[in-house]
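Note: the block below is query-v1.tsv and it holds TSV, C-alpha atoms and all ligand atoms.
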chain	number	residue	atom	x	y	z
V	1	MET	CA	55.80	40.52	-39.41
V	2	SER	CA	53.02	38.14	-40.44
V	3	THR	CA	49.41	39.27	-40.54
V	4	THR	CA	48.38	36.87	-37.74
V	5	LEU	CA	50.67	38.64	-35.26
V	6	ASN	CA	50.32	42.25	-36.26
V	7	PRO	CA	50.79	44.80	-33.44
V	8	ASP	CA	48.59	47.27	-35.35
V	9	THR	CA	45.55	45.10	-34.56
V	10	LEU	CA	46.03	45.59	-30.81
V	11	PRO	CA	43.93	48.19	-28.95
V	12	ALA	CA	45.02	51.84	-29.03
V	13	MET	CA	46.32	53.22	-25.74
V	14	PRO	CA	46.05	57.00	-25.52
V	15	ASP	CA	48.22	59.03	-23.15
V	16	LEU	CA	46.22	59.52	-19.93
V	17	HIS	CA	48.17	62.60	-18.95
V	18	ASP	CA	45.71	65.32	-17.97
V	19	ALA	CA	47.54	68.20	-16.32
V	20	ALA	CA	44.33	69.97	-15.25
V	21	LEU	CA	42.84	66.88	-13.56
V	22	ALA	CA	46.21	66.06	-11.95
V	23	ALA	CA	46.37	69.60	-10.53
V	24	ARG	CA	42.80	69.38	-9.19
V	25	LEU	CA	43.47	66.01	-7.56
V	26	GLN	CA	46.72	67.29	-6.06
V	27	ALA	CA	44.94	70.37	-4.69
V	28	LEU	CA	42.21	68.14	-3.20
V	29	LEU	CA	44.86	66.00	-1.48
V	30	ASP	CA	46.82	69.03	-0.28
V	31	ASN	CA	43.67	70.57	1.26
V	32	LYS	CA	42.80	67.48	3.30
V	33	THR	CA	43.22	67.78	7.08
V	34	LYS	CA	46.79	66.47	7.30
V	35	PRO	CA	50.28	67.88	6.92
V	36	GLN	CA	50.97	68.09	3.18
V	37	GLY	CA	52.20	64.80	1.73
V	38	SER	CA	51.87	62.99	5.06
V	39	LEU	CA	49.96	60.05	3.57
V	40	GLY	CA	53.04	59.30	1.47
V	41	ALA	CA	52.63	56.60	-1.16
V	42	LEU	CA	48.87	56.50	-0.55
V	43	GLU	CA	48.66	60.01	-2.01
V	44	THR	CA	50.66	59.02	-5.10
V	45	LEU	CA	48.31	56.05	-5.46
V	46	ALA	CA	45.21	58.24	-5.03
V	47	LEU	CA	46.45	60.58	-7.76
V	48	ARG	CA	47.10	57.67	-10.10
V	49	LEU	CA	43.68	56.13	-9.49
V	50	GLY	CA	41.97	59.47	-10.08
V	51	LEU	CA	43.83	59.88	-13.36
V	52	ILE	CA	43.07	56.34	-14.55
V	53	LEU	CA	39.38	56.64	-13.72
V	54	GLY	CA	39.29	60.24	-14.97
V	55	THR	CA	37.61	61.70	-11.91
V	56	GLU	CA	38.09	63.71	-8.70
V	57	ALA	CA	35.89	61.17	-6.88
V	58	PRO	CA	37.51	57.80	-7.67
V	59	LEU	CA	35.48	54.73	-6.74
V	60	LEU	CA	36.52	51.16	-7.44
V	61	ARG	CA	33.64	48.92	-8.54
V	62	GLU	CA	33.32	45.13	-8.81
V	63	PRO	CA	37.03	44.25	-8.76
V	64	GLN	CA	37.90	41.16	-10.78
V	65	LEU	CA	40.82	38.91	-9.85
V	66	VAL	CA	41.62	36.69	-12.82
V	67	VAL	CA	44.02	33.74	-12.53
V	68	PHE	CA	45.48	32.84	-15.96
V	69	ALA	CA	46.61	29.19	-16.01
V	70	ALA	CA	48.65	27.11	-18.46
V	71	ASP	CA	51.30	24.44	-18.74
V	72	HIS	CA	54.76	24.75	-20.28
V	73	GLY	CA	56.69	22.44	-22.58
V	74	LEU	CA	59.93	23.66	-21.03
V	75	ALA	CA	58.95	22.04	-17.72
V	76	ALA	CA	60.21	18.74	-19.22
V	77	HIS	CA	63.75	20.08	-18.76
V	78	GLY	CA	63.64	20.17	-14.97
V	79	VAL	CA	63.33	23.96	-14.73
V	80	SER	CA	60.76	23.75	-11.90
V	81	ALA	CA	60.85	22.11	-8.46
V	82	TYR	CA	57.31	20.74	-9.01
V	83	PRO	CA	55.65	18.49	-11.61
V	84	SER	CA	53.36	19.95	-14.27
V	85	ASP	CA	50.34	18.16	-12.77
V	86	VAL	CA	50.39	20.76	-9.99
V	87	THR	CA	48.99	23.28	-12.50
V	88	TRP	CA	45.65	21.49	-12.97
V	89	GLN	CA	45.57	20.35	-9.35
V	90	MET	CA	45.92	23.98	-8.21
V	91	VAL	CA	43.19	25.04	-10.65
V	92	GLU	CA	40.94	22.54	-8.86
V	93	ASN	CA	42.07	24.04	-5.56
V	94	PHE	CA	41.17	27.57	-6.77
V	95	LEU	CA	37.74	26.35	-7.88
V	96	ALA	CA	37.18	24.59	-4.55
V	97	GLY	CA	38.07	27.80	-2.68
V	98	GLY	CA	41.08	26.40	-0.81
V	99	ALA	CA	44.09	28.20	-2.34
V	100	ALA	CA	45.77	31.25	-0.80
V	101	VAL	CA	44.24	33.51	-3.44
V	102	SER	CA	40.80	31.98	-2.80
V	103	VAL	CA	41.06	32.94	0.87
V	104	LEU	CA	42.36	36.45	0.12
V	105	ALA	CA	39.79	37.09	-2.61
V	106	ARG	CA	36.98	36.13	-0.22
V	107	GLN	CA	38.45	38.28	2.53
V	108	HIS	CA	38.61	41.37	0.31
V	109	GLY	CA	35.40	40.90	-1.72
V	110	LEU	CA	37.19	40.21	-5.01
V	111	ALA	CA	35.40	38.17	-7.67
V	112	LEU	CA	37.75	35.30	-8.58
V	113	THR	CA	37.80	33.78	-12.06
V	114	VAL	CA	40.21	31.14	-13.31
V	115	VAL	CA	41.05	31.01	-17.03
V	116	ASP	CA	42.27	27.80	-18.63
V	117	CYS	CA	44.60	29.28	-21.25
V	118	GLY	CA	46.39	26.02	-21.95
V	119	VAL	CA	46.36	23.56	-19.07
V	120	ARG	CA	47.16	19.90	-19.88
V	121	HIS	CA	43.93	18.66	-18.40
V	122	SER	CA	40.27	18.52	-19.25
V	123	PHE	CA	38.11	20.32	-16.67
V	124	GLY	CA	34.75	20.20	-18.40
V	125	HIS	CA	32.23	22.98	-17.77
V	126	ARG	CA	32.82	24.45	-14.31
V	127	THR	CA	31.52	27.45	-12.37
V	128	GLY	CA	34.27	30.05	-11.99
V	129	LEU	CA	36.37	28.64	-14.85
V	130	ILE	CA	36.60	30.21	-18.30
V	131	ASP	CA	37.65	27.83	-21.06
V	132	ALA	CA	40.13	29.73	-23.25
V	133	LYS	CA	42.38	26.75	-23.92
V	134	VAL	CA	44.54	27.41	-26.97
V	135	ALA	CA	46.59	24.21	-26.70
V	136	TRP	CA	47.37	21.45	-24.22
V	137	GLY	CA	50.34	23.35	-22.87
V	138	SER	CA	52.89	25.36	-24.82
V	139	ALA	CA	55.45	23.47	-26.89
V	140	ASP	CA	59.05	22.91	-25.76
V	141	ALA	CA	60.82	26.18	-26.62
V	142	LEU	CA	64.15	24.33	-26.88
V	143	GLN	CA	62.78	22.44	-29.88
V	144	GLY	CA	60.78	25.17	-31.62
V	145	PRO	CA	58.52	28.11	-30.81
V	146	ALA	CA	56.48	27.76	-27.62
V	147	MET	CA	53.42	28.68	-29.67
V	148	THR	CA	52.69	29.20	-33.30
V	149	GLU	CA	51.91	32.76	-34.36
V	150	ALA	CA	48.28	31.72	-34.79
V	151	GLN	CA	48.17	30.32	-31.24
V	152	CYS	CA	49.74	33.49	-29.87
V	153	ALA	CA	47.23	35.65	-31.76
V	154	GLN	CA	44.40	33.46	-30.45
V	155	ALA	CA	45.62	33.81	-26.85
V	156	LEU	CA	45.86	37.62	-27.22
V	157	ALA	CA	42.33	37.74	-28.64
V	158	ASN	CA	41.00	35.47	-25.86
V	159	GLY	CA	42.46	37.77	-23.20
V	160	ALA	CA	40.86	40.84	-24.76
V	161	ALA	CA	37.49	39.11	-25.19
V	162	LEU	CA	37.30	37.88	-21.62
V	163	VAL	CA	38.03	41.34	-20.20
V	164	GLN	CA	35.30	42.83	-22.40
V	165	ARG	CA	32.82	40.50	-20.68
V	166	LEU	CA	33.93	41.31	-17.12
V	167	PRO	CA	32.10	43.92	-15.05
V	168	GLY	CA	33.76	46.55	-12.89
V	169	ASN	CA	36.64	48.96	-13.35
V	170	ALA	CA	39.58	47.05	-11.86
V	171	LEU	CA	41.44	43.96	-13.07
V	172	LEU	CA	43.75	42.17	-10.62
V	173	LEU	CA	46.23	39.85	-12.34
V	174	GLY	CA	47.04	36.34	-11.13
V	175	GLU	CA	48.56	33.28	-12.79
V	176	MET	CA	49.29	29.61	-12.27
V	177	GLY	CA	51.61	27.49	-14.38
V	178	ILE	CA	54.43	25.16	-13.46
V	179	GLY	CA	57.43	26.39	-15.48
V	180	ASN	CA	56.14	29.91	-16.00
V	181	THR	CA	59.01	31.66	-14.20
V	182	SER	CA	61.15	30.31	-17.07
V	183	ALA	CA	58.93	31.90	-19.72
V	184	ALA	CA	58.87	35.16	-17.73
V	185	SER	CA	62.68	35.18	-17.37
V	186	LEU	CA	63.12	34.54	-21.10
V	187	LEU	CA	60.82	37.42	-22.02
V	188	MET	CA	62.51	39.69	-19.50
V	189	SER	CA	65.97	38.95	-20.86
V	190	ARG	CA	64.94	39.32	-24.49
V	191	LEU	CA	62.93	42.52	-24.06
V	192	THR	CA	65.18	44.32	-21.55
V	193	GLY	CA	68.55	43.17	-22.91
V	194	LEU	CA	69.58	41.99	-19.44
V	195	ASP	CA	71.66	38.82	-19.21
V	196	ILE	CA	69.52	35.74	-18.57
V	197	ALA	CA	71.46	35.01	-15.33
V	198	ASP	CA	70.11	38.29	-13.90
V	199	CYS	CA	66.56	37.30	-14.83
V	200	VAL	CA	66.43	33.77	-13.38
V	201	GLY	CA	65.48	32.74	-9.86
V	202	ALA	CA	64.43	29.71	-7.82
V	203	GLY	CA	60.78	29.82	-8.90
V	204	THR	CA	58.89	27.26	-6.83
V	205	GLY	CA	62.10	26.40	-4.95
V	206	LEU	CA	65.05	25.14	-7.01
V	207	ASP	CA	68.34	24.87	-5.12
V	208	ALA	CA	71.47	26.72	-6.31
V	209	ALA	CA	72.50	23.87	-8.67
V	210	GLY	CA	68.95	23.75	-10.06
V	211	VAL	CA	69.01	27.49	-10.75
V	212	GLN	CA	72.35	27.07	-12.61
V	213	ARG	CA	70.83	24.31	-14.79
V	214	LYS	CA	67.77	26.48	-15.40
V	215	ILE	CA	70.03	29.35	-16.56
V	216	GLU	CA	71.82	27.00	-18.98
V	217	VAL	CA	68.55	25.68	-20.43
V	218	LEU	CA	67.16	29.20	-20.82
V	219	ARG	CA	70.38	30.48	-22.40
V	220	ALA	CA	70.07	27.73	-25.01
V	221	VAL	CA	66.42	28.68	-25.61
V	222	LEU	CA	67.40	32.31	-26.24
V	223	GLN	CA	70.11	31.16	-28.64
V	224	ARG	CA	67.61	28.92	-30.45
V	225	HIS	CA	65.27	31.91	-30.91
V	226	SER	CA	67.81	34.65	-31.54
V	227	GLY	CA	65.67	35.95	-34.41
V	228	ALA	CA	62.60	36.56	-32.22
V	229	GLN	CA	63.31	40.18	-31.32
V	230	THR	CA	60.02	42.09	-31.49
V	231	PRO	CA	57.67	41.84	-28.48
V	232	LEU	CA	55.17	39.65	-30.34
V	233	GLN	CA	57.82	37.44	-31.91
V	234	ALA	CA	59.40	36.97	-28.48
V	235	LEU	CA	56.01	36.23	-26.90
V	236	ALA	CA	55.24	33.48	-29.43
V	237	ALA	CA	58.72	31.94	-29.40
V	238	LEU	CA	59.39	32.06	-25.67
V	239	GLY	CA	55.89	31.48	-24.60
V	240	GLY	CA	53.51	31.06	-21.95
V	241	LEU	CA	49.93	30.67	-23.13
V	242	GLU	CA	48.79	32.24	-19.85
V	243	ILE	CA	51.27	35.09	-20.37
V	244	ALA	CA	50.03	35.73	-23.92
V	245	THR	CA	46.39	35.64	-22.78
V	246	MET	CA	47.31	38.03	-19.96
V	247	VAL	CA	48.98	40.43	-22.43
V	248	GLY	CA	45.71	40.55	-24.41
V	249	ALA	CA	43.74	41.10	-21.19
V	250	VAL	CA	46.08	43.85	-19.97
V	251	LEU	CA	45.91	45.73	-23.28
V	252	GLN	CA	42.12	45.51	-23.35
V	253	ALA	CA	41.78	46.55	-19.69
V	254	GLY	CA	44.13	49.47	-20.31
V	255	ALA	CA	42.20	50.57	-23.40
V	256	GLU	CA	39.01	50.54	-21.28
V	257	ARG	CA	40.74	52.60	-18.55
V	258	ARG	CA	40.39	49.87	-15.96
V	259	VAL	CA	42.82	49.92	-13.06
V	260	ILE	CA	45.28	47.04	-13.58
V	261	VAL	CA	46.75	45.60	-10.37
V	262	VAL	CA	49.98	43.74	-11.15
V	263	ASP	CA	51.05	40.85	-8.91
V	264	GLY	CA	54.42	39.04	-8.97
V	265	PHE	CA	57.23	38.23	-11.39
V	266	ILE	CA	55.15	36.51	-14.07
V	267	THR	CA	52.36	39.08	-14.23
V	268	THR	CA	55.02	41.83	-14.32
V	269	ALA	CA	56.64	40.06	-17.30
V	270	ALA	CA	53.25	40.07	-19.07
V	271	VAL	CA	52.98	43.80	-18.39
V	272	LEU	CA	56.51	44.24	-19.78
V	273	VAL	CA	55.41	42.69	-23.08
V	274	ALA	CA	52.26	44.86	-23.10
V	275	ALA	CA	54.31	47.98	-22.32
V	276	LYS	CA	56.76	47.29	-25.15
V	277	LEU	CA	53.72	47.20	-27.45
V	278	ARG	CA	51.74	50.08	-25.90
V	279	PRO	CA	53.94	52.10	-23.47
V	280	HIS	CA	51.00	54.11	-22.06
V	281	VAL	CA	49.53	50.94	-20.54
V	282	LEU	CA	51.89	51.55	-17.62
V	283	GLN	CA	49.84	54.64	-16.68
V	284	ARG	CA	46.95	52.26	-15.90
V	285	CYS	CA	49.02	49.89	-13.73
V	286	VAL	CA	49.41	49.70	-9.97
V	287	PHE	CA	52.27	47.42	-8.95
V	288	ALA	CA	51.15	45.54	-5.84
V	289	HIS	CA	54.45	44.22	-4.53
V	290	ARG	CA	58.11	43.49	-5.02
V	291	GLY	CA	58.51	39.74	-4.59
V	292	ALA	CA	61.35	37.44	-3.62
V	293	GLU	CA	61.85	35.93	-7.09
V	294	ARG	CA	65.24	37.00	-8.41
V	295	GLY	CA	64.57	39.22	-11.39
V	296	HIS	CA	61.40	40.82	-10.07
V	297	ALA	CA	63.16	43.83	-8.50
V	298	LEU	CA	65.22	44.41	-11.66
V	299	LEU	CA	62.15	44.08	-13.85
V	300	LEU	CA	60.21	46.57	-11.72
V	301	ALA	CA	63.18	48.96	-11.92
V	302	HIS	CA	63.24	48.58	-15.72
V	303	LEU	CA	59.56	49.59	-15.76
V	304	GLN	CA	60.24	52.42	-13.29
V	305	ALA	CA	57.52	50.89	-11.14
V	306	GLU	CA	57.17	51.66	-7.42
V	307	PRO	CA	55.42	48.68	-5.82
V	308	LEU	CA	53.21	49.20	-2.78
V	309	LEU	CA	54.39	46.25	-0.67
V	310	ALA	CA	57.53	44.18	-0.13
V	311	LEU	CA	56.54	41.05	1.79
V	312	GLY	CA	58.95	38.49	0.33
V	313	LEU	CA	56.10	36.81	-1.56
V	314	ARG	CA	56.88	34.30	-4.33
V	315	LEU	CA	53.57	32.52	-4.69
V	316	GLY	CA	51.85	34.17	-7.63
V	317	GLU	CA	48.13	33.35	-8.08
V	318	GLY	CA	47.38	37.07	-7.61
V	319	SER	CA	48.08	36.76	-3.88
V	320	GLY	CA	50.08	40.02	-3.73
V	321	ALA	CA	47.50	41.88	-5.81
V	322	ALA	CA	44.77	40.75	-3.39
V	323	LEU	CA	46.85	41.77	-0.37
V	324	ALA	CA	47.45	45.26	-1.82
V	325	TRP	CA	43.81	45.76	-2.80
V	326	PRO	CA	42.67	47.42	0.47
V	327	LEU	CA	45.31	50.12	-0.06
V	328	LEU	CA	43.65	51.06	-3.36
V	329	VAL	CA	40.25	51.15	-1.69
V	330	SER	CA	41.70	53.36	1.08
V	331	ALA	CA	43.38	55.72	-1.39
V	332	CYS	CA	40.05	56.32	-3.17
V	333	ALA	CA	38.18	56.79	0.13
V	334	ILE	CA	40.72	59.41	1.26
V	335	VAL	CA	40.07	61.48	-1.86
V	336	ARG	CA	36.30	61.15	-1.65
V	337	GLU	CA	35.61	61.29	2.07
V	338	MET	CA	38.34	63.03	4.01
V	339	ALA	CA	37.51	66.57	5.22
V	340	SER	CA	39.39	69.59	3.94
V	341	PHE	CA	40.82	72.25	6.28
V	342	ASP	CA	37.87	74.48	5.39
V	343	ASP	CA	35.24	71.71	5.90
V	344	ALA	CA	36.57	70.81	9.32
V	345	GLY	CA	37.60	74.28	10.53
V	346	VAL	CA	41.19	73.15	11.09
V	347	ALA	CA	43.92	75.80	10.88
V	348	ARG	CA	46.33	75.54	7.94
V	349	ARG	CA	50.09	75.51	8.12
V	350	SER	CA	51.53	78.74	9.63
V	351	ALA	CA	52.58	81.22	6.97
V	352	THR	CA	55.84	81.84	8.88
V	353	ALA	CA	56.86	78.15	9.10
V	354	PRO	CA	60.01	77.31	7.18
V	355	VAL	CA	59.32	75.38	4.01
V	356	THR	CA	60.66	71.80	3.97
V	357	GLY	CA	60.90	69.25	1.18
Q	401	LIG	O1	54.59	35.62	-8.58
Q	401	LIG	C1	55.79	35.33	-8.42
Q	401	LIG	O2	56.65	36.21	-8.26
Q	401	LIG	C2	56.19	33.87	-8.42
Q	401	LIG	C3	57.50	33.53	-8.17
Q	401	LIG	C4	57.83	32.18	-8.15
Q	401	LIG	C5	56.86	31.21	-8.45
Q	401	LIG	N1	55.59	31.58	-8.70
Q	401	LIG	C6	54.56	30.55	-9.00
Q	401	LIG	O3	55.17	29.31	-9.15
Q	401	LIG	C7	54.91	28.74	-10.42
Q	401	LIG	C8	56.10	28.93	-11.33
Q	401	LIG	O4	57.29	28.50	-10.74
Q	401	LIG	P1	58.23	27.49	-11.54
Q	401	LIG	O5	59.34	27.18	-10.60
Q	401	LIG	O6	57.36	26.28	-11.81
Q	401	LIG	O7	58.64	28.20	-12.76
Q	401	LIG	C9	53.73	29.47	-10.97
Q	401	LIG	O8	52.56	28.75	-10.69
Q	401	LIG	C10	53.75	30.82	-10.27
Q	401	LIG	O9	52.46	31.24	-9.93
Q	401	LIG	C11	55.23	32.89	-8.70
Q	402	LIG	C1	51.67	24.19	-4.53
Q	402	LIG	C2	51.83	25.34	-5.50
Q	402	LIG	C3	50.91	26.41	-5.48
Q	402	LIG	C4	51.08	27.47	-6.39
Q	402	LIG	N1	50.39	28.58	-6.62
Q	402	LIG	C5	50.97	29.26	-7.60
Q	402	LIG	N2	52.02	28.58	-8.00
Q	402	LIG	C6	52.15	27.47	-7.29
Q	402	LIG	C7	53.07	26.43	-7.31
Q	402	LIG	C8	52.92	25.37	-6.41
Q	402	LIG	C9	53.92	24.25	-6.41
Let me see whether you can do it: turn the structure in this file into structure tokens.
Amino acid sequence: MSTTLNPDTLPAMPDLHDAALAARLQALLDNKTKPQGSLGALETLALRLGLILGTEAPLLREPQLVVFAADHGLAAHGVSAYPSDVTWQMVENFLAGGAAVSVLARQHGLALTVVDCGVRHSFGHRTGLIDAKVAWGSADALQGPAMTEAQCAQALANGAALVQRLPGNALLLGEMGIGNTSAASLLMSRLTGLDIADCVGAGTGLDAAGVQRKIEVLRAVLQRHSGAQTPLQALAALGGLEIATMVGAVLQAGAERRVIVVDGFITTAAVLVAAKLRPHVLQRCVFAHRGAERGHALLLAHLQAEPLLALGLRLGEGSGAALAWPLLVSACAIVREMASFDDAGVARRSATAPVTG
């Protein structure tokens, strides 16, 4: 491993497990005026948020939805249904407030920031856009590595630095990049050992023949980079400047004990890379949804993640993270505000009632 891409330089990620706090949070939930466990997944979520934030009174502050954007050399091989220009055009749409995620972020009071990690376009200085451009798109991974080790290290550092400057205690992940389902599928296959055919889907809307061609291209890419086996080697070779920047952001957010809200297939692939480097980062993650992109369900299963929603989304941008956000707010409010049996003078479960699961 070269010194530029050294995993030892990444942030430490201590185990968040705190049996005493978990027991106190569970007791708080069990004493609320409801049959035990009746708020289902919201209770699991409340426990997780309490543990991440290290408190019995979890409160989410100044949530930040960050859309990581970049272009992909592999897009030249017809692996997407749309042209690469859509990446910069959608960045303009985010900045103008007209994209799906713009609408949802406004609706839910989420600060929206777009990061140019490597878009093939010059935006100039713009409100709401962070310039973290490492290159004008990643290189064609069929010809060589998608990024040099130095570029990958720069993207990781950019992601960490931008999170350090963000306020609040929650990071919602979004991305935009024509061709980035290919990079995500490549990373998934390499880091899980699953066959590439199980990791590839229609992305923006390829037909069945298009998906077959995409699988063939990606199989050749994996062959070309058979030596790139560690998480960081795979990240540099198989690419995605927005994915690499996101990995840096996720590791920094996790180290700062921010709540990380994971969106669709591509953001989950970034979390996979981060988790292979620092497994405890998964304790800080809330998986917003299981999307329609083939591979996402398998990837979530690999991570033993239980997503909150299943709406058939395949948009990205952070749209699923934004849609799930009110559930996180509700979970925290339940812990902080709901009355206990004692507070409200409500009778507890009868001592003689049979115990059920
Ligand atoms: O989030 C997802 O699960 C998801 C699934 C399919 C496509 N996308 C979005 O579509 C783009 C990538 O698709 P493609 O076909 O160009 O690789 C990129 O901008 C993603 O945000 C996102
Ligand atoms: C129009 C469009 C919007 C998107 N948002 C995220 N990925 C996208 C891909 C396309 C093609």
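With distances taken over all atoms listed in the file, V:Gln64 is the one residue among V:Ser38, V:Gln64, V:Thr44, V:Asn31 lying closest to Arg165 (chain V).
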Figure out the distance between CA of Ala57 (chain V) and CA of Arg336 (chain V), please, to one decimal in Å. 5.2 Å
At a cut-off of 9 Å around ligand LIG 402 (chain Q), and using only C-alpha atoms and all ligand atoms, what residues come up? Please write them as a ChimeraX atom specification. /V:80-84,86-87,89-91,99-101,174-178,203-205,314-319
Could you check which of V:Ser182, V:Asn6, V:Thr33, V:Gln26 is closest to ligand LIG 401 (chain Q), using only C-alpha atoms and all ligand atoms? V:Ser182
Which of these residues is nearest to Leu187 (chain V), using all atoms listed in the file: V:Lys32, V:Arg257, V:His225, V:Lys133? V:His225
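For the set V:Ala288, V:Ala150, V:Ala23, V:Val134, the residue with the smallest atom-to-atom gap to ligand LIG 401 (chain Q) is V:Ala288, counting all atoms listed in the file.
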Rounded to one decimal place, report the CA of Leu59 (chain V)-CA of Ser102 (chain V) distance in Å.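 For CA of Leu59 (chain V) relative to CA of Ser102 (chain V), the distance reads 23.7 Å.
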Measuring between only C-alpha atoms and all ligand atoms, which one of V:Leu45, V:Leu308, V:Ile266, V:Ala105 shows the shortest distance to ligand LIG 401 (chain Q)? V:Ile266
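Across the model, the gap from CA of Gly264 (chain V) to CA of Gly248 (chain V) is 17.8 Å.
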Closest to Leu156 (chain V) among V:Gly179, V:Pro7, V:Gly345, V:Gly78, using all atoms listed in the file?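 Using all atoms listed in the file, the shortest distance to Leu156 (chain V) belongs to V:Pro7.
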Counting all atoms listed in the file, which residues sit no farther than 9 Å from the position (54.0, 42.7, 0.0) in the file's frame? I'd like them as an MDAnalysis selection string. chainID V and resid 288:291 307:313 320:321 323:324
For a cut-off of 7 Å around (41.6, 29.0, -24.0), file coordinates, pick out all residues using all atoms listed in the file and list them as a PyMOL selection string. chain V and resi 116-118+131-134+155+158
Mind dumping the selected residues with C-alpha atoms as a PDB file, in the coordinates of the input?
ATOM      1  CA  ASP V 116      42.270  27.800 -18.630  1.00  0.00           C
ATOM      2  CA  CYS V 117      44.600  29.280 -21.250  1.00  0.00           C
ATOM      3  CA  GLY V 118      46.390  26.020 -21.950  1.00  0.00           C
ATOM      4  CA  ASP V 131      37.650  27.830 -21.060  1.00  0.00           C
ATOM      5  CA  ALA V 132      40.130  29.730 -23.250  1.00  0.00           C
ATOM      6  CA  LYS V 133      42.380  26.750 -23.920  1.00  0.00           C
ATOM      7  CA  VAL V 134      44.540  27.410 -26.970  1.00  0.00           C
ATOM      8  CA  ALA V 155      45.620  33.810 -26.850  1.00  0.00           C
ATOM      9  CA  ASN V 158      41.000  35.470 -25.860  1.00  0.00           C
TER      10      ASN V 158
END
Exercise on ligand LIG 401 (chain Q), axis-aligned box with 6 Å per side, report centre and edge lengths in Å to one decimal, as lines of an AutoDock Vina configuration file:
center_x = 55.9
center_y = 31.2
center_z = -10.5
size_x = 18.9
size_y = 21.9
size_z = 16.6
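All residues of protein, DNA or RNA that reach within 8 Å of Ile196 (chain V), judged by all atoms listed in the file and not counting those fewer than 6 positions away in the chain, are V:Ser185, V:Leu186, V:Ser189, V:Ile215, V:Leu218, V:Arg219.
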Which polymer residues have any atom within 9 Å of an atom of Leu277 (chain V), counting only C-alpha atoms, with same-chain residues fewer than 5 positions away left out, as a compact mmCIF listing (two decimals) with C-alpha atoms, keeping the file's coordinate frame?
# COMPACT_ATOMS: atom_id res chain seq x y z
CA PRO V 7 50.79 44.80 -33.44
CA LEU V 10 46.03 45.59 -30.81
CA PRO V 231 57.67 41.84 -28.48
CA LEU V 232 55.17 39.65 -30.34
CA LEU V 251 45.91 45.73 -23.28
CA LEU V 272 56.51 44.24 -19.78
